[in-house]
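See structure below.
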4 protein chains.
Amino acid sequence: VLGLSADLEAEHDLETLRSSFDDVVAARGGEPAARRRAAEIAAAFLGFDVAGRERFFAVLADEYGVDRDVVDVAVEALDRADDSERNEAERRLRLALEPQRERLFRRFIGAESGLAFLVQLRADLLALNLADDNSRQLDIEMRRLLDQWFDIGLLTLTRITWESPASLLEKLVEYEAIHKITSWHDLRNRLGPDRRCFAFQHPALPDDLLIFVEVALTRGLADNIADLIDPSVVDSDVLAADTAIFYSISNCQAGLAGVRLGDFLIKRVVAELRTELVGIENFATLSPIPGFRVWLETTVADGVILDGAEGEFGEVDDPQRALELLETALADDCWFSRPELLVSIEPLLRKLCAYYLLKVRRGVRAADPVANFHLSNGAKIERLLFLANPARSGQERSLGMMVNYRYEPERIEENHDEYVRNGVIAASSHLEDLF
Amino acid sequence: VLGLSADLEAEHDLETLRSSFDDVVAARGGEPAARRRAAEIAAAFLGFDVAGRERFFAVLADEYGVDRDVVDVAVEALDRADDSERNEAERRLRLALEPQRERLFRRFIGAESGLAFLVQLRADLLALNLADDNSRQLDIEMRRLLDQWFDIGLLTLTRITWESPASLLEKLVEYEAIHKITSWHDLRNRLGPDRRCFAFQHPALPDDLLIFVEVALTRGLADNIADLIDPSVVDSDVLAADTAIFYSISNCQAGLAGVRLGDFLIKRVVAELRTELVGIENFATLSPIPGFRVWLETTVADGVILDGAEGEFGEVDDPQRALELLETALADDCWFSRPELLVSIEPLLRKLCAYYLLKVRRGVRAADPVANFHLSNGAKIERLLFLANPARSGQERSLGMMVNYRYEPERIEENHDEYVRNGVIAASSHLEDLF
Amino acid sequence: VLGLSADLEAEHDLETLRSSFDDVVAARGGEPAARRRAAEIAAAFLGFDVAGRERFFAVLADEYGVDRDVVDVAVEALDRADDSERNEAERRLRLALEPQRERLFRRFIGAESGLAFLVQLRADLLALNLADDNSRQLDIEMRRLLDQWFDIGLLTLTRITWESPASLLEKLVEYEAIHKITSWHDLRNRLGPDRRCFAFQHPALPDDLLIFVEVALTRGLADNIADLIDPSVVDSDVLAADTAIFYSISNCQAGLAGVRLGDFLIKRVVAELRTELVGIENFATLSPIPGFRVWLETTVADGVILDGAEGEFGEVDDPQRALELLETALADDCWFSRPELLVSIEPLLRKLCAYYLLKVRRGVRAADPVANFHLSNGAKIERLLFLANPARSGQERSLGMMVNYRYEPERIEENHDEYVRNGVIAASSHLEDLF
Amino acid sequence: VLGLSADLEAEHDLETLRSSFDDVVAARGGEPAARRRAAEIAAAFLGFDVAGRERFFAVLADEYGVDRDVVDVAVEALDRADDSERNEAERRLRLALEPQRERLFRRFIGAESGLAFLVQLRADLLALNLADDNSRQLDIEMRRLLDQWFDIGLLTLTRITWESPASLLEKLVEYEAIHKITSWHDLRNRLGPDRRCFAFQHPALPDDLLIFVEVALTRGLADNIADLIDPSVVDSDVLAADTAIFYSISNCQAGLAGVRLGDFLIKRVVAELRTELVGIENFATLSPIPGFRVWLETTVADGVILDGAEGEFGEVDDPQRALELLETALADDCWFSRPELLVSIEPLLRKLCAYYLLKVRRGVRAADPVANFHLSNGAKIERLLFLANPARSGQERSLGMMVNYRYEPERIEENHDEYVRNGVIAASSHLEDLF
């Protein structure tokens, strides 16, 4: 409708865009009309090429932010305000600090598929990787708005089964990021009788997923990802299961980066499973350690292992030998098929992995992002798993190592506080015994 | 769980309350835990008596607002900020201006029935009618938050029929404010084949209604409310209908006072009906004039009619006679059963009513609230209806007068702008001819 | 479409009807066309007056039965058939014995609302109360067909709640035959948290009910109908309930008279409740005794009580006094408000009621229809309840007496067989002790 | 529960089976109990091996048929019956002719999944291919019962889309018999925006399909199957479509062989499409000719073509040459890739195919089963399509030839009658011009 060229190159394109923005911000023709106009802008945006999108965001970031003159006036008024005027002066100043584009964004929401568009818009903004301060500011604002609209109180928890619409299952296949789903046969196994799959959805995006988790019901904690994702492995007996293993959790929307959904999802699913299946007593993950290999490579390259071995690592008898073993393993994608290497490297890898998870930090937080996610949620490091994922992806991330993080409902809050405030990591004693 | 007394009288009650507030604001134990704690506060609130609620709101209003010291620091930082720091300084100041209780409110949302609780909370706040500035501020903030959470983009339009759940229909009966539904027989008539009823619902309040409108499909504009609400009147022939009459629109939630829903509802329903029923060409209301009688009484009491008659009212031949007629009608609930009075008073009432709607203003807006609502939505005053509602409610509001406001889709935006910006009221020519 | 007059009086009306019947029976134009034509006949029928319906049924009953000549030929063929031909000859004879109208009925089914029409057709047939043999035969055939189409395996069990569509609840009000539902307030109480209501529905009649039962969840066996149907009585605590009381069971379709649904319904509901509510251990009815008063009146009139008292009734000391008491009670609608009468008549009424239920038979079956229904289902007479229904309906049926029939899942089959085959009535010992 | 061995070899197995049959037939323990017992028999049956199933059917076929003595008595009674007794005597004879196993079958229905079991039972019976008369009789009876239970009036028409449950779509893949679905990508194409897919389902088998049809919306009649089943072909523009092509119709249940569903399905779908899509004016199939190649081979082998060519085929100039061409094509799977052969054989194949469809009969019916199916439904042969299915399946059935059968709603009934009664085949004139 707006008739803009795809690259927004012509000056009159930008004029048209500004004038549309102004109409929407001023709600010309009334609120519903403004929202309809917002929908036109959204439709136009979807036709833009990269250059067009960059220019679109530049206008938004540079011209539709806070009106500084208005802010200055409001600050002055606040300074002058006596006690009885202070409330009102604060309110006005706050209003003045609301960027104009925020009103634009709010009006997108009321348009058909408006919320989906905003998520898309932020995904596009992130993809452009714009480094200037105004763009960064724009992103912060958008995330803040999305934080509100995707508040957990507005989401619905959906159980996904083999009876779900194919159009939704298709999304599952598309979004599964950790352990790729390779066929519908594979998918069916992930939704078998010994599995559960739950997703958060937003009522205004009924055909899409926000985040989902795949759960296996097992007897004892699973120590091996292959058993869970291999469709030819026989289903476990659900009635005998005592454990729910969260073996894959995937964010679905790039535009919602930074919006917290995962911790709520895990806790809601734990509650759900406790109601459905009275026999389930353990809730744990089978998680990758995405940062381990890179850290190990640096460590080995630095020769740090030698010093560490003597000091913190304790009893690695021969640091030089340890270094050689690690170099061999890091250099050979199939190291684990060499029995003698397997035997000698296992205690070493366990030790180093424990060290990595417990000691290597970014600030008070664990440096490993998955570890940080689960520890922030109040989980505890339960067990290190050697060769739990010998597949390529496992090799590349962590030389095949994986972890069980355990969620003990009655300990979650304390764990969370200790970790977030004091950097204390909850871990089972046998892990701490490793060094 | 919190174990507070109903009146919150004891000091330690208030201490417990503050400490709970602090936990939630600081998200102690993690986000999900904080939301659970918010739910406990909500549960406690529902047990408070009036005194308890007043104290609860007092703590919220006086102690959990903006932290002024933080604001002052942020203002100073803004003053000192150079160009490259300005964005960040503004963002921080904006954050500092966010009252602490807002974080509390946001965490209610994540709790079971959290959104419903917030609506209830505001309804209770409004009911207490607290006059101090902090309470007023609190109300403004709550409305702003509710404005966001009840954004039209998050609502669903529900068609309500005789096949709807009884539990929902029960709400319809409870909430119908304009033309009371007196029985299920009456209700069934409102949902008959020649009717449509649409409501906005919020996905997080699936069992409740926010606002609804009742529509009758008629041949020509209805001029009479009795025909529409009397169950014994035969249904009209839907296939022959060319008009949709919006004869009742009711807000359902006291806690959402001031949150705009009505204009969106009317426009969505117009769009819906155009899709379903191709024969419908006219969209109009059959509306009460709630402020007419009071204005008329004052006018008559002031004797203003005399002067007005000579000037603006034009041709009322005998102002003294007019005044007497009006006094008689205002004094007698059954004036309309006196034929001679009927005949002589009709032109007078029409003229005065037109004057009231077109000329009596609050600022640039029409003084009559219903008129202001429809005119703001872009409707036009189509027709005045004499004796259209002779029932008690009609007498008390407007001596039986009603109005058809007409919605012409292609004129709505211009009407809206002209009215809102310039105070120009769209009206059919025969109305303007009245004086 | 067929253009028949409402009374089918003209000869050419009957000719048109016959020709339509013939088309349908012969499936002229193909099967779908024949079904469409059947729908036209159905539509025409609904326009007939009583005379028209009588003539319609007369044609069906007298002209579209078994073709006797064909039967005779098939019988002869059977007589002549050798062993290898016998199967085929039997099959052909069976086919020959299928009345032509059966093919007509089968084709109604395929028409829109065809099954509903057949149920209506039989209801109309029964209402006409036609005494001739052909009509009786027609009714037997229709019932047999309906028996098949309403086979329990094709029905769905629906739980009815306050969330059910008003259009369905309306049917509940219409069909409740035992304890009338007088208002929506009353209805809401019947569907309260301490109640359950289940109905059988047929997938081809989704908006209608076939039979439904109302259940109250109580602590101990209910001994009093008023507590259950009075909306002002406080709901019981469902968590404390140990008993499900089936206090009302209503057939909804006159056209399905004789089609067995009730015994399946009770058993399905028992199974349903056992799954939902683990605390429920007792399943019993609170049932009327529709035949008691009439039997008692006859008995009293005959003076039989005197003899009985000496013999079977055992210890009624003074038969003459007993007779007087009963005569007084039978003559006074408010006998139960006379305390002295209450005390003296209670043991007498209990004894006579036990006698009526246990000894008065029609063949081997209990003469009381409700008793026969529950005993055939395998229930046991648990308890007689004096003054359990003092309302008018209770007085008229049974001088206020009611019964608890108990369903013990593990005894049902044996009870059924003993009763149906040997006339043995299962009853609690205290009942048998009464005489 | 019954504890039978899988092959039913032991005599006491058969005794247990007979005794269970007897319990069910006699409804021991009441009707619900009998149905529960029937479910046990069903469960046992599913554990039988081939030998066990043969013995099971042998008992059913030989021992639970009609009781001949009872029949003979009833026949005698009929002979003796006077007019007033005749109705009743016929009814009793009919009852006597009902095989005992029918009561058994009816009680299966009431069991959980009972109807599905009966369908399975018949599929197993058919698979065993038992040739004796009693078994044949058993099959006829089962089909008759299934005919009633799968009456069109009890079925629901389901539109299947990409939003349907994966568990249902999986069935579609399994059951598609004509043009195999090779992947979910392929499946998605069959359910694209320019397609429609409808199935009949039975309410008692909600997770299964009975029969389904795939429809393509096209501009003009499709002349080529590859365009429809190749996922890489671009979707047609639905808004421009004027034709609905029924290009695949598959029966899903072997146990329902002989139960007529297809003609109803086509007609219901035509009605459905007419309502949804006003632009669709033509309804036609793109159908295989399964019997053509076999007929052609025989014809060629017999040298009949020579005579035919001179007589009926008219103008095939050189019969010897024709014979050679056909022999070449029949011998070479890739004949159609030889351009010179293509040109010369096309008119010949068209002629012979027209002859095959129009002249080769089984009784008055067309010999080709697909032709007979559509002609019986009232369709007309619209067009022969040369090389419309060059894929292997097309070669094997019909040397790549296909047909468009056209359904003209207003001609269907007449076509049906003319065909079924008089053997007149409706065909477009250009087809009849071919010879």
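Labeling convention for the structure tokens: chains A, B, ... as they appear, residues from 1 per chain, ligands from 1 in order of appearance.
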Hey, which bits of chain D sit within 8 Å of chain C, and for each residue what's the closest pair of atoms and how far apart in Å (one decimal), counting only C-alpha atoms, rows by chain and increasing number, as a tab-separated table?
```
residue	atom	partner	partner_atom	distance
D:Arg28	CA	C:Asp417	CA	6.7
D:Gly29	CA	C:Glu413	CA	4.1
D:Gly30	CA	C:His416	CA	6.1
D:Pro32	CA	C:Phe264	CA	6.3
D:Ala33	CA	C:Glu413	CA	6.8
D:Val75	CA	C:Val75	CA	7.3
D:Ser84	CA	C:Asp133	CA	7.9
D:Asn87	CA	C:Gln137	CA	7.1
D:Glu88	CA	C:Gln137	CA	7.8
D:Glu90	CA	C:Leu97	CA	6.8
D:Arg91	CA	C:Leu97	CA	7.7
D:Arg94	CA	C:Arg94	CA	5.8
D:Leu97	CA	C:Arg94	CA	6.0
D:Glu98	CA	C:Arg94	CA	7.8
D:Ile109	CA	C:Gly153	CA	4.9
D:Gly110	CA	C:Gly153	CA	3.8
D:Ala111	CA	C:Gly153	CA	6.6
D:Glu112	CA	C:Gly153	CA	7.8
D:Gly114	CA	C:Gly153	CA	7.2
D:Leu115	CA	C:Gly153	CA	7.5
D:Asp133	CA	C:Asn87	CA	7.6
D:Asn134	CA	C:Asn87	CA	7.4
D:Gln137	CA	C:Asn87	CA	7.0
D:Trp149	CA	C:Trp149	CA	7.5
D:Asp151	CA	C:Gly110	CA	7.1
D:Ile152	CA	C:Gly110	CA	5.4
D:Gly153	CA	C:Gly110	CA	3.9
D:Leu154	CA	C:Ala204	CA	6.1
D:Pro203	CA	C:Pro203	CA	6.5
D:Ala204	CA	C:Leu154	CA	6.1
D:Asp263	CA	C:Pro32	CA	7.7
D:Phe264	CA	C:Pro32	CA	6.3
D:Lys267	CA	C:Pro32	CA	7.8
D:Ser376	CA	C:Gly30	CA	7.8
D:Asn377	CA	C:Gly30	CA	7.0
D:Gly378	CA	C:Gly30	CA	7.8
D:Ile412	CA	C:Gly29	CA	7.6
D:Glu413	CA	C:Gly29	CA	4.1
D:Glu414	CA	C:Gly29	CA	6.2
D:Asn415	CA	C:Gly29	CA	8.0
D:His416	CA	C:Gly29	CA	5.7
D:Asp417	CA	C:Gly29	CA	5.3
```
Store the residues of this selection in a file with C-alpha atoms, as an mmCIF file, in the first residue's frame.
```cif
data_model
loop_
_atom_site.group_PDB
_atom_site.id
_atom_site.type_symbol
_atom_site.label_atom_id
_atom_site.label_comp_id
_atom_site.auth_asym_id
_atom_site.auth_seq_id
_atom_site.Cartn_x
_atom_site.Cartn_y
_atom_site.Cartn_z
ATOM 1 C CA ARG D 28 -25.390 -64.398 30.854
ATOM 2 C CA GLY D 29 -24.873 -61.893 33.685
ATOM 3 C CA GLY D 30 -26.819 -59.255 31.821
ATOM 4 C CA PRO D 32 -23.197 -55.245 29.818
ATOM 5 C CA ALA D 33 -21.541 -58.360 31.209
ATOM 6 C CA VAL D 75 -41.774 -72.785 8.763
ATOM 7 C CA SER D 84 -54.528 -63.180 11.819
ATOM 8 C CA ASN D 87 -47.626 -61.429 10.753
ATOM 9 C CA GLU D 88 -46.441 -62.978 13.943
ATOM 10 C CA GLU D 90 -43.392 -64.346 9.690
ATOM 11 C CA ARG D 91 -41.697 -62.387 12.403
ATOM 12 C CA ARG D 94 -37.383 -64.266 10.460
ATOM 13 C CA LEU D 97 -33.367 -67.413 10.476
ATOM 14 C CA GLU D 98 -31.032 -65.069 12.347
ATOM 15 C CA ILE D 109 -20.014 -53.648 19.116
ATOM 16 C CA GLY D 110 -20.686 -52.600 22.665
ATOM 17 C CA ALA D 111 -17.174 -53.546 23.753
ATOM 18 C CA GLU D 112 -14.331 -51.031 23.728
ATOM 19 C CA GLY D 114 -15.699 -53.422 19.254
ATOM 20 C CA LEU D 115 -16.549 -52.075 15.836
ATOM 21 C CA ASP D 133 -20.126 -72.702 1.866
ATOM 22 C CA ASN D 134 -20.491 -72.024 5.587
ATOM 23 C CA GLN D 137 -22.235 -67.542 4.351
ATOM 24 C CA TRP D 149 -23.111 -50.156 11.049
ATOM 25 C CA ASP D 151 -24.403 -46.766 6.951
ATOM 26 C CA ILE D 152 -23.645 -43.441 5.392
ATOM 27 C CA GLY D 153 -26.004 -41.757 7.846
ATOM 28 C CA LEU D 154 -23.667 -42.678 10.680
ATOM 29 C CA PRO D 203 -17.607 -41.950 15.214
ATOM 30 C CA ALA D 204 -16.692 -45.240 16.886
ATOM 31 C CA ASP D 263 -20.323 -43.044 -4.468
ATOM 32 C CA PHE D 264 -21.542 -41.218 -1.376
ATOM 33 C CA LYS D 267 -21.265 -36.754 -4.062
ATOM 34 C CA SER D 376 -22.672 -46.720 -11.587
ATOM 35 C CA ASN D 377 -22.331 -43.442 -9.739
ATOM 36 C CA GLY D 378 -23.809 -41.612 -12.704
ATOM 37 C CA ILE D 412 -26.122 -38.139 -12.400
ATOM 38 C CA GLU D 413 -29.430 -39.801 -11.628
ATOM 39 C CA GLU D 414 -30.440 -40.357 -15.222
ATOM 40 C CA ASN D 415 -26.970 -41.647 -16.119
ATOM 41 C CA HIS D 416 -27.102 -44.029 -13.179
ATOM 42 C CA ASP D 417 -30.483 -45.442 -14.112
#
```
Expected answer as a PyMOL selection string: strand (DSSP E or B) residues in stretch 164-392 of chain B | chain B and resi 165+195-201+211-218+243-251+282-285+287+361-362+365-366+380-385
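The list of residues with at least one atom within 6 Å of B:Met402, based on only C-alpha atoms and without residues fewer than 2 positions apart in the same chain, reads Ser287, Pro288, Leu385 and Ala388 of chain B.
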